[in-house]
file final_33.tsv (TSV, C-alpha atoms and all ligand atoms)
chain	number	residue	atom	x	y	z
A	1	MET	CA	-28.55	50.27	6.84
A	2	ASP	CA	-30.39	49.11	9.97
A	3	CYS	CA	-33.78	48.38	8.36
A	4	TYR	CA	-34.72	47.12	4.91
A	5	ASN	CA	-37.22	49.84	4.11
A	6	LEU	CA	-38.17	49.33	0.44
A	7	THR	CA	-39.14	52.95	-0.15
A	8	SER	CA	-35.55	54.08	0.44
A	9	MET	CA	-33.64	51.29	-1.31
A	10	THR	CA	-32.32	50.89	-4.86
A	11	TRP	CA	-33.09	47.73	-6.81
A	12	LYS	CA	-29.47	46.65	-6.37
A	13	GLU	CA	-29.79	46.96	-2.60
A	14	VAL	CA	-33.10	45.11	-2.69
A	15	GLU	CA	-31.53	42.33	-4.76
A	16	GLU	CA	-28.68	42.01	-2.25
A	17	SER	CA	-31.10	41.96	0.70
A	18	LEU	CA	-32.87	38.93	-0.75
A	19	LYS	CA	-29.97	36.78	0.44
A	20	THR	CA	-31.51	36.97	3.93
A	21	VAL	CA	-35.02	38.48	3.71
A	22	GLN	CA	-37.91	36.02	4.25
A	23	LEU	CA	-40.83	38.27	5.18
A	24	ALA	CA	-42.46	41.55	4.16
A	25	ILE	CA	-44.10	43.80	6.75
A	26	ILE	CA	-46.94	45.82	5.20
A	27	PRO	CA	-47.99	48.80	7.38
A	28	ILE	CA	-51.71	49.60	7.13
A	29	GLY	CA	-53.45	52.63	8.63
A	30	ALA	CA	-56.36	54.93	7.90
A	31	HIS	CA	-57.12	58.51	6.98
A	32	GLU	CA	-59.83	59.57	9.39
A	33	GLN	CA	-60.79	62.04	12.06
A	34	HIS	CA	-59.04	61.63	15.40
A	35	GLY	CA	-60.90	64.20	17.45
A	36	PRO	CA	-59.87	67.84	17.93
A	37	HIS	CA	-56.33	66.96	19.06
A	38	MET	CA	-54.87	64.58	16.46
A	39	VAL	CA	-54.37	64.86	12.71
A	40	GLU	CA	-56.09	62.56	10.24
A	41	SER	CA	-52.99	60.64	9.13
A	42	CYS	CA	-52.52	59.33	12.69
A	43	ASP	CA	-53.10	55.62	12.06
A	44	ALA	CA	-51.04	55.57	8.86
A	45	VAL	CA	-48.08	57.32	10.51
A	46	LEU	CA	-48.21	55.13	13.63
A	47	ALA	CA	-48.38	51.94	11.55
A	48	GLU	CA	-45.40	53.11	9.48
A	49	GLN	CA	-43.31	54.04	12.54
A	50	MET	CA	-44.10	50.71	14.19
A	51	ALA	CA	-43.22	48.84	10.99
A	52	LYS	CA	-39.86	50.61	10.75
A	53	LYS	CA	-39.02	49.82	14.38
A	54	LEU	CA	-40.07	46.20	13.86
A	55	GLY	CA	-38.05	46.13	10.62
A	56	GLN	CA	-34.99	47.24	12.60
A	57	ARG	CA	-35.47	44.46	15.11
A	58	MET	CA	-36.02	41.90	12.33
A	59	TYR	CA	-33.06	43.11	10.26
A	60	PRO	CA	-31.78	41.51	8.01
A	61	TYR	CA	-34.74	39.12	7.67
A	62	ALA	CA	-37.64	41.46	6.82
A	63	TRP	CA	-38.59	44.18	4.39
A	64	VAL	CA	-40.85	47.08	5.28
A	65	THR	CA	-43.07	47.95	2.30
A	66	PRO	CA	-44.79	51.26	1.44
A	67	THR	CA	-47.65	52.07	3.83
A	68	ILE	CA	-51.29	51.66	2.85
A	69	ASN	CA	-52.33	55.01	4.30
A	70	MET	CA	-56.13	54.72	3.94
A	71	GLY	CA	-58.45	52.09	5.38
A	72	ILE	CA	-62.02	51.15	6.24
A	73	SER	CA	-63.50	54.27	7.86
A	74	PRO	CA	-67.11	54.76	6.69
A	75	HIS	CA	-68.20	55.21	10.33
A	76	HIS	CA	-66.08	58.40	10.53
A	77	ILE	CA	-67.26	59.91	7.23
A	78	ASN	CA	-69.46	62.62	8.80
A	79	PHE	CA	-66.36	64.23	10.30
A	80	PRO	CA	-64.66	66.50	7.74
A	81	GLY	CA	-61.59	65.10	5.99
A	82	THR	CA	-62.14	61.36	6.48
A	83	ILE	CA	-61.39	59.27	3.37
A	84	SER	CA	-62.62	55.66	3.41
A	85	LEU	CA	-61.84	52.66	1.20
A	86	GLN	CA	-64.33	49.91	0.45
A	87	PRO	CA	-63.22	46.57	1.97
A	88	THR	CA	-62.94	45.18	-1.57
A	89	THR	CA	-60.58	48.02	-2.52
A	90	LEU	CA	-58.25	47.28	0.39
A	91	ILE	CA	-58.26	43.57	-0.46
A	92	ALA	CA	-57.50	44.39	-4.12
A	93	VAL	CA	-54.56	46.63	-3.18
A	94	LEU	CA	-53.20	43.95	-0.84
A	95	LYS	CA	-53.56	41.32	-3.56
A	96	ASP	CA	-51.54	43.41	-6.02
A	97	MET	CA	-48.86	44.28	-3.46
A	98	ILE	CA	-48.49	40.68	-2.28
A	99	SER	CA	-48.44	39.34	-5.87
A	100	SER	CA	-45.63	41.76	-6.74
A	101	LEU	CA	-43.63	40.90	-3.64
A	102	LYS	CA	-44.13	37.17	-4.24
A	103	TYR	CA	-42.76	37.70	-7.75
A	104	HIS	CA	-39.58	39.01	-6.11
A	105	GLY	CA	-39.35	35.89	-3.95
A	106	ILE	CA	-41.18	36.67	-0.69
A	107	LYS	CA	-43.61	34.07	0.66
A	108	LYS	CA	-44.43	35.35	4.15
A	109	PHE	CA	-46.27	38.55	5.00
A	110	LEU	CA	-47.26	40.47	8.11
A	111	LEU	CA	-50.09	42.97	7.71
A	112	LEU	CA	-49.23	45.39	10.53
A	113	ASN	CA	-52.42	47.30	11.18
A	114	SER	CA	-53.07	50.24	13.48
A	115	HIS	CA	-56.80	50.80	12.75
A	116	GLY	CA	-59.49	48.67	14.40
A	117	GLY	CA	-61.89	49.24	11.49
A	118	ASN	CA	-59.52	47.30	9.19
A	119	GLN	CA	-59.35	44.12	11.27
A	120	SER	CA	-62.35	42.24	9.86
A	121	THR	CA	-61.29	43.06	6.27
A	122	LEU	CA	-57.73	41.88	7.00
A	123	ASN	CA	-59.11	38.65	8.40
A	124	VAL	CA	-60.96	38.05	5.09
A	125	ALA	CA	-57.97	39.22	3.02
A	126	SER	CA	-55.50	36.95	4.78
A	127	SER	CA	-57.64	33.83	4.48
A	128	MET	CA	-58.62	34.58	0.84
A	129	LEU	CA	-55.19	35.57	-0.42
A	130	THR	CA	-53.26	32.91	1.50
A	131	ASN	CA	-55.08	30.30	-0.59
A	132	GLU	CA	-55.29	32.26	-3.82
A	133	LEU	CA	-51.65	33.39	-3.96
A	134	GLU	CA	-50.14	30.38	-2.14
A	135	VAL	CA	-48.29	32.48	0.40
A	136	GLU	CA	-48.43	32.80	4.21
A	137	ILE	CA	-50.23	35.93	5.41
A	138	TYR	CA	-50.53	37.02	9.04
A	139	TYR	CA	-52.15	40.13	10.44
A	140	ALA	CA	-51.65	41.90	13.77
A	141	LYS	CA	-52.70	45.10	15.48
A	142	THR	CA	-49.64	47.27	16.11
A	143	THR	CA	-49.95	47.55	19.90
A	144	ALA	CA	-52.79	45.24	20.95
A	145	SER	CA	-50.42	42.82	22.68
A	146	ALA	CA	-49.08	45.33	25.25
A	147	ARG	CA	-51.30	43.93	27.99
A	148	LYS	CA	-48.88	44.49	30.87
A	149	SER	CA	-48.41	48.16	29.98
A	150	PHE	CA	-52.16	48.72	29.54
A	151	GLU	CA	-52.75	47.30	33.00
A	152	LYS	CA	-49.88	49.10	34.69
A	153	TYR	CA	-49.91	52.56	33.09
A	154	VAL	CA	-53.24	53.33	31.35
A	155	THR	CA	-55.65	54.68	33.97
A	156	SER	CA	-58.72	55.70	31.89
A	157	SER	CA	-61.69	53.40	32.35
A	158	LEU	CA	-62.60	53.84	28.68
A	159	PHE	CA	-60.26	53.85	25.71
A	160	GLY	CA	-60.65	53.22	22.01
A	161	HIS	CA	-60.06	56.18	19.74
A	162	SER	CA	-57.76	59.18	20.06
A	163	CYS	CA	-57.57	58.28	23.74
A	164	GLU	CA	-54.95	57.98	26.49
A	165	ARG	CA	-53.47	54.92	24.77
A	166	GLU	CA	-53.39	56.20	21.19
A	167	VAL	CA	-52.25	59.75	22.00
A	168	SER	CA	-49.49	58.31	24.22
A	169	GLU	CA	-48.30	56.15	21.33
A	170	ALA	CA	-48.24	59.20	19.08
A	171	LEU	CA	-46.35	61.28	21.67
A	172	TYR	CA	-43.64	58.62	21.63
A	173	LEU	CA	-43.59	57.74	17.91
A	174	ALA	CA	-44.65	60.94	16.11
A	175	PRO	CA	-45.42	63.89	18.43
A	176	GLU	CA	-46.10	66.17	15.48
A	177	LEU	CA	-49.48	64.39	15.10
A	178	VAL	CA	-50.76	65.81	18.41
A	179	ARG	CA	-52.15	69.27	19.24
A	180	MET	CA	-51.19	69.40	22.93
A	181	ASP	CA	-53.22	72.55	23.60
A	182	GLU	CA	-56.39	70.94	22.20
A	183	LEU	CA	-56.43	67.67	24.22
A	184	GLU	CA	-59.98	66.63	25.06
A	185	LYS	CA	-61.73	63.78	26.81
A	186	GLY	CA	-64.25	61.85	24.68
A	187	ASP	CA	-67.66	63.53	24.68
A	188	ILE	CA	-69.57	60.26	24.97
A	189	ARG	CA	-73.24	59.95	24.03
A	190	GLU	CA	-74.76	57.60	26.54
A	191	ASP	CA	-77.64	56.60	24.27
A	192	GLY	CA	-77.36	55.12	20.79
A	193	ARG	CA	-75.03	52.35	19.79
A	194	TRP	CA	-73.55	51.53	23.22
A	195	LYS	CA	-76.77	49.70	24.15
A	196	GLN	CA	-76.38	47.49	21.10
A	197	LEU	CA	-72.92	46.37	22.14
A	198	ARG	CA	-74.22	44.49	25.19
A	199	PRO	CA	-74.05	40.68	25.09
A	200	GLY	CA	-76.94	39.03	23.29
A	201	LYS	CA	-77.98	42.11	21.31
A	202	ALA	CA	-78.18	42.14	17.52
A	203	ILE	CA	-75.30	44.32	16.32
A	204	GLN	CA	-75.77	46.56	13.31
A	205	GLY	CA	-72.63	46.37	11.14
A	206	PHE	CA	-72.87	49.92	9.87
A	207	TYR	CA	-73.02	52.90	12.19
A	208	PHE	CA	-71.76	56.43	12.51
A	209	TYR	CA	-69.14	57.39	15.06
A	210	GLU	CA	-71.02	60.51	16.15
A	211	GLU	CA	-73.70	58.18	17.54
A	212	MET	CA	-71.13	57.24	20.20
A	213	THR	CA	-69.09	60.39	20.70
A	214	LYS	CA	-69.73	64.02	19.81
A	215	ASN	CA	-66.10	65.14	19.48
A	216	GLY	CA	-64.87	61.95	17.77
A	217	CYS	CA	-62.88	60.59	20.74
A	218	ILE	CA	-63.51	57.57	22.95
A	219	GLY	CA	-61.34	57.73	26.08
A	220	ASP	CA	-59.37	60.39	27.89
A	221	ALA	CA	-56.49	61.91	25.92
A	222	THR	CA	-55.70	64.38	28.70
A	223	LYS	CA	-54.02	61.51	30.60
A	224	ALA	CA	-51.67	60.67	27.72
A	225	SER	CA	-47.89	60.87	28.00
A	226	LYS	CA	-44.80	59.97	26.01
A	227	GLU	CA	-43.69	57.62	28.82
A	228	ILE	CA	-46.91	55.59	28.65
A	229	GLY	CA	-46.48	55.45	24.87
A	230	GLN	CA	-42.93	54.20	25.20
A	231	HIS	CA	-43.99	51.33	27.49
A	232	ILE	CA	-46.85	50.31	25.16
A	233	VAL	CA	-44.77	50.52	21.99
A	234	GLU	CA	-41.70	48.72	23.33
A	235	GLU	CA	-43.73	45.90	24.92
A	236	SER	CA	-45.60	45.45	21.63
A	237	LEU	CA	-42.36	45.38	19.66
A	238	ASP	CA	-40.95	42.74	22.03
A	239	ASN	CA	-44.04	40.59	21.48
A	240	LEU	CA	-44.15	41.10	17.71
A	241	THR	CA	-40.43	40.32	17.40
A	242	GLU	CA	-40.84	37.12	19.40
A	243	GLU	CA	-43.79	36.13	17.22
A	244	LEU	CA	-41.93	36.78	13.95
A	245	ASN	CA	-38.85	34.95	15.16
A	246	LYS	CA	-41.08	31.92	15.67
A	247	LEU	CA	-42.69	32.31	12.25
A	248	LEU	CA	-39.30	32.53	10.56
A	249	ASN	CA	-37.74	29.81	12.74
A	250	LEU	CA	-35.09	32.23	13.91
A	251	LYS	CA	-33.30	32.02	17.24
A	252	ALA	CA	-34.24	34.66	19.78
A	253	ASP	CA	-30.72	36.06	19.86
A	254	ILE	CA	-30.78	37.69	16.42
A	255	PRO	CA	-28.90	40.99	16.52
A	256	TYR	CA	-31.00	44.10	17.20
A	301	ZN	ZN	-56.39	55.81	15.30
call {"tool": "encode", "arguments": {"input": "final_33.tsv", "output": "structure tokens", "more": "lines below"}}
Ligand SMILES: [Zn+2]
result
Amino acid sequence: MDCYNLTSMTWKEVEESLKTVQLAIIPIGAHEQHGPHMVESCDAVLAEQMAKKLGQRMYPYAWVTPTINMGISPHHINFPGTISLQPTTLIAVLKDMISSLKYHGIKKFLLLNSHGGNQSTLNVASSMLTNELEVEIYYAKTTASARKSFEKYVTSSLFGHSCEREVSEALYLAPELVRMDELEKGDIREDGRWKQLRPGKAIQGFYFYEEMTKNGCIGDATKASKEIGQHIVEESLDNLTEELNKLLNLKADIPY
């Protein structure tokens, strides 16, 4: 076993793992449109793959839990197939998961999130539930920390959704998510919400994605490659591993 992945362990194996495990990694994604060239499970699959790779690096100190494969996506609802949770639903699911895991002896949690629309809810969830359940909860975007790779390898001026960055990550972690013969650049609408995002403007919390892009993409997926994805993913895993080692007071030379 090179990763304590709860979904493929028996209770005996889980019991044994508790001799070393101090933290649970909870992968969180979304089920939403990703333009004409990526399938709707994209965020959930990427979060799960990242969590498993991080779980390998943090072995034998971390569990990887089942993935929460839907998230906060009301802004994508006008594209067919999107399923969105209410923020209160996501917080309730997290509360029940964390309560169960605390019952088994875990006190530290990393919410490993791949979907930008979940971030504000995870901020609320972590501050609420840290106090309520008396545990330590952290949240992080899967690949947001790969600053060197973004600078060095990503050439699009705009990225954000089903773009050069995200499609590259998928080509490295789960290429079956991508329709290579359908790759499209974002069909950006210059009017609408963009104007509201300028400094000093009042920002409307609720909006629809089609106000910003006609085909559901922001960025240029045609520039994506597996190599770019590998740089982004591996740099992010280095950073997340370093961060978790600090949180768990582990030395940097743990075996992985
Ligand atoms: Zn996504």
call {"tool": "atom_distance", "arguments": {"input": "final_33.tsv", "atom1": "atom CA of A:Thr143", "atom2": "atom CA of A:Ser236"}}
result
5.1 Å
call {"tool": "atom_distance", "arguments": {"input": "final_33.tsv", "atom1": "atom CA of A:Gly55", "atom2": "atom CA of A:Leu85"}}
result
26.4 Å
call {"tool": "residues_near_ligand", "arguments": {"input": "final_33.tsv", "ligand": "ligand ZN 301 (chain A)", "cutoff": "8 Å", "atoms": "all atoms listed in the file", "output": "PyMOL selection string"}}
result
chain A and resi 29-30+32+34+42-43+114-116+161-162+166
call {"tool": "residues_around", "arguments": {"input": "final_33.tsv", "residues": "A:Ile228", "least_positions_apart": "5", "cutoff": "12 Å", "atoms": "only C-alpha atoms", "output": "VMD selection string"}}
result
chain A and resid 146 148 to 155 164 to 173 221 223 233 to 235
call {"tool": "atom_distance", "arguments": {"input": "final_33.tsv", "atom1": "atom CA of A:Tyr61", "atom2": "atom CA of A:Leu90"}}
result
25.9 Å
call {"tool": "decode", "arguments": {"input": "final_33.tsv", "residues": "stretch 134-202 of chain A", "atoms": "C-alpha atoms", "output": "tab-separated table (two decimals), in the first residue's frame"}}
result
chain	number	residue	atom	x	y	z
A	134	GLU	CA	-12.94	21.31	17.91
A	135	VAL	CA	-10.69	20.12	15.11
A	136	GLU	CA	-8.17	21.83	12.81
A	137	ILE	CA	-9.46	22.41	9.28
A	138	TYR	CA	-7.41	23.83	6.40
A	139	TYR	CA	-8.45	24.37	2.81
A	140	ALA	CA	-6.36	24.72	-0.34
A	141	LYS	CA	-6.84	24.92	-4.08
A	142	THR	CA	-5.26	21.89	-5.74
A	143	THR	CA	-2.83	23.74	-8.02
A	144	ALA	CA	-3.04	27.43	-7.10
A	145	SER	CA	0.47	27.44	-5.62
A	146	ALA	CA	2.28	26.48	-8.85
A	147	ARG	CA	3.35	30.07	-9.49
A	148	LYS	CA	6.71	29.26	-11.09
A	149	SER	CA	5.12	26.89	-13.61
A	150	PHE	CA	2.33	29.35	-14.45
A	151	GLU	CA	4.92	32.01	-15.18
A	152	LYS	CA	7.28	29.77	-17.11
A	153	TYR	CA	4.95	27.55	-19.16
A	154	VAL	CA	1.40	29.00	-19.41
A	155	THR	CA	1.35	31.47	-22.31
A	156	SER	CA	-2.35	32.46	-22.55
A	157	SER	CA	-3.08	35.98	-21.34
A	158	LEU	CA	-6.40	34.81	-19.91
A	159	PHE	CA	-7.11	31.63	-17.99
A	160	GLY	CA	-9.78	30.52	-15.57
A	161	HIS	CA	-12.03	27.73	-16.75
A	162	SER	CA	-11.41	24.78	-19.05
A	163	CYS	CA	-8.36	26.71	-20.21
A	164	GLU	CA	-4.68	26.07	-20.99
A	165	ARG	CA	-3.98	25.48	-17.30
A	166	GLU	CA	-6.92	23.22	-16.47
A	167	VAL	CA	-6.84	21.15	-19.67
A	168	SER	CA	-3.08	20.66	-19.21
A	169	GLU	CA	-3.68	19.36	-15.69
A	170	ALA	CA	-6.29	16.95	-17.04
A	171	LEU	CA	-3.98	15.76	-19.84
A	172	TYR	CA	-1.46	14.80	-17.17
A	173	LEU	CA	-3.79	13.45	-14.46
A	174	ALA	CA	-6.81	12.05	-16.35
A	175	PRO	CA	-6.61	12.42	-20.16
A	176	GLU	CA	-9.91	10.61	-20.61
A	177	LEU	CA	-11.64	13.83	-19.47
A	178	VAL	CA	-10.53	15.71	-22.60
A	179	ARG	CA	-11.95	15.66	-26.14
A	180	MET	CA	-8.78	16.54	-28.05
A	181	ASP	CA	-10.60	17.05	-31.35
A	182	GLU	CA	-12.99	19.57	-29.77
A	183	LEU	CA	-10.47	21.94	-28.12
A	184	GLU	CA	-11.70	25.54	-28.25
A	185	LYS	CA	-10.56	28.94	-27.08
A	186	GLY	CA	-12.98	30.76	-24.75
A	187	ASP	CA	-15.62	32.67	-26.69
A	188	ILE	CA	-15.48	35.71	-24.42
A	189	ARG	CA	-18.30	38.25	-24.24
A	190	GLU	CA	-16.64	41.61	-23.85
A	191	ASP	CA	-19.69	43.24	-22.27
A	192	GLY	CA	-21.52	42.08	-19.16
A	193	ARG	CA	-19.87	41.02	-15.94
A	194	TRP	CA	-16.24	41.80	-16.85
A	195	LYS	CA	-16.92	45.52	-16.32
A	196	GLN	CA	-18.13	44.79	-12.80
A	197	LEU	CA	-14.88	43.08	-11.86
A	198	ARG	CA	-12.86	46.30	-12.11
A	199	PRO	CA	-11.55	47.79	-8.86
A	200	GLY	CA	-14.05	49.92	-6.99
A	201	LYS	CA	-17.14	48.47	-8.68
A	202	ALA	CA	-19.98	46.89	-6.73
